[in-house]
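One structure below.
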Number of protein chains: 2
Amino acid sequence: MASISPSFDDFAIGSRFKSSREIQISAEQIKSFAAEFDPQPLHLDDEAARLVSAGGIIASGWHTAAVSMRLILDSDLPLTGRGVGMAVESMHWRTPVRAGDRLRLEGTVTEIRPTRSHAAREIIKFHVTVYNHQDAAVLDATHVVLVARRGAAPLIDLK
Amino acid sequence: MASISPSFDDFAIGSRFKSSREIQISAEQIKSFAAEFDPQPLHLDDEAARLVSAGGIIASGWHTAAVSMRLILDSDLPLTGRGVGMAVESMHWRTPVRAGDRLRLEGTVTEIRPTRSHAAREIIKFHVTVYNHQDAAVLDATHVVLVARRGAAPLIDLK
């Protein structure tokens, strides 16, 4: 399938995209995110984590999910400034993310449909998979995003 | 329906839970999260955000999702240290979160099923809704979590 141009071409069903870089996750980042949003021993404390997992602390799944958003914006899907997330239809955590892991993302546009209210807006669905540097899938998800067509006015119906 | 005791009672279908406090979201937190994970103008730049929304910047949906995890851990659902997130079956962003909003959470356990491999573990599903201080739903989601029963050994089959 054709990959998406980095210019603001329209989205097409079947278009594939991937992140332009890897993001490496450090132990400090895992602990900092967890301290704020997911303060559980497995994400915060090396000794506690080793009781259940030889590899030490693992990242909060919500940390991995947040990194997936950054990888989407760093991909050739032309989303930045054009989209507002509406929903995630399903998201699975497949493999724990550990300190030192380098994450990348691949995705496919699976659906595009017009909105009822506004001709210059579309609802797109795309499926993404985040891989670690050993090519194991760590997270996958299907996103539903309201996007403005190329050249359309910004999205203005936020409440 | 009965609320869940803050002790480690077993989970029950229909049990309801709620966060024990509100979390207030500041403009600095919105920008800091967005700079790391979701660097789009609507989350970062007051002037750019005002072009599309009179209320100024809005939080990344992934920021709100991360806060929802913190609110779950701060609730009377006895999850801390006992669960590993497997999936989110659906998550909808209903209303933008703005600087100064105070968020709280309510949830219900919707399903409990045994695991095939381990008698002391269960898979539970629960639905949560995050509300702002004006009682508007800002996010809802259904979580699927592998939990260790009360008194069981920690979860040790992480890869």
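We label chains A, B, ... in the order they appear in the structure tokens, count residues from 1 in each chain, and number ligands from 1 in the order shown.
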So which residues of stretch 47-156 of chain B fall under strand (DSSP E or B) by DSSP, listed as JSON, numbers by chain? {"B": [58, 75, 83, 84, 85, 86, 87, 88, 89, 90, 91, 92, 93, 98, 102, 103, 104, 105, 106, 107, 108, 109, 110, 111, 112, 113, 114, 121, 122, 123, 124, 125, 126, 127, 128, 129, 130, 131, 137, 138, 139, 140, 141, 142, 143, 144, 145, 146, 147, 148]}
Set the cut-off to 9 Å and count only C-alpha atoms: what are the residues of chain B that reach chain A? Output as number ranges by chain. B: 36-42, 51-53, 55, 60-63, 65-71, 73, 80-81, 84-96, 141, 154-159
How far is it from atom CA of A:Arg16 to atom CA of A:Pro114, in Å with one decimal? 20.2 Å
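With only C-alpha atoms as the atoms that count, the minimum distance from A:Glu111 to the choices A:Ile30, A:Ala136, A:Ala99, A:Leu146 is reached by A:Leu146.
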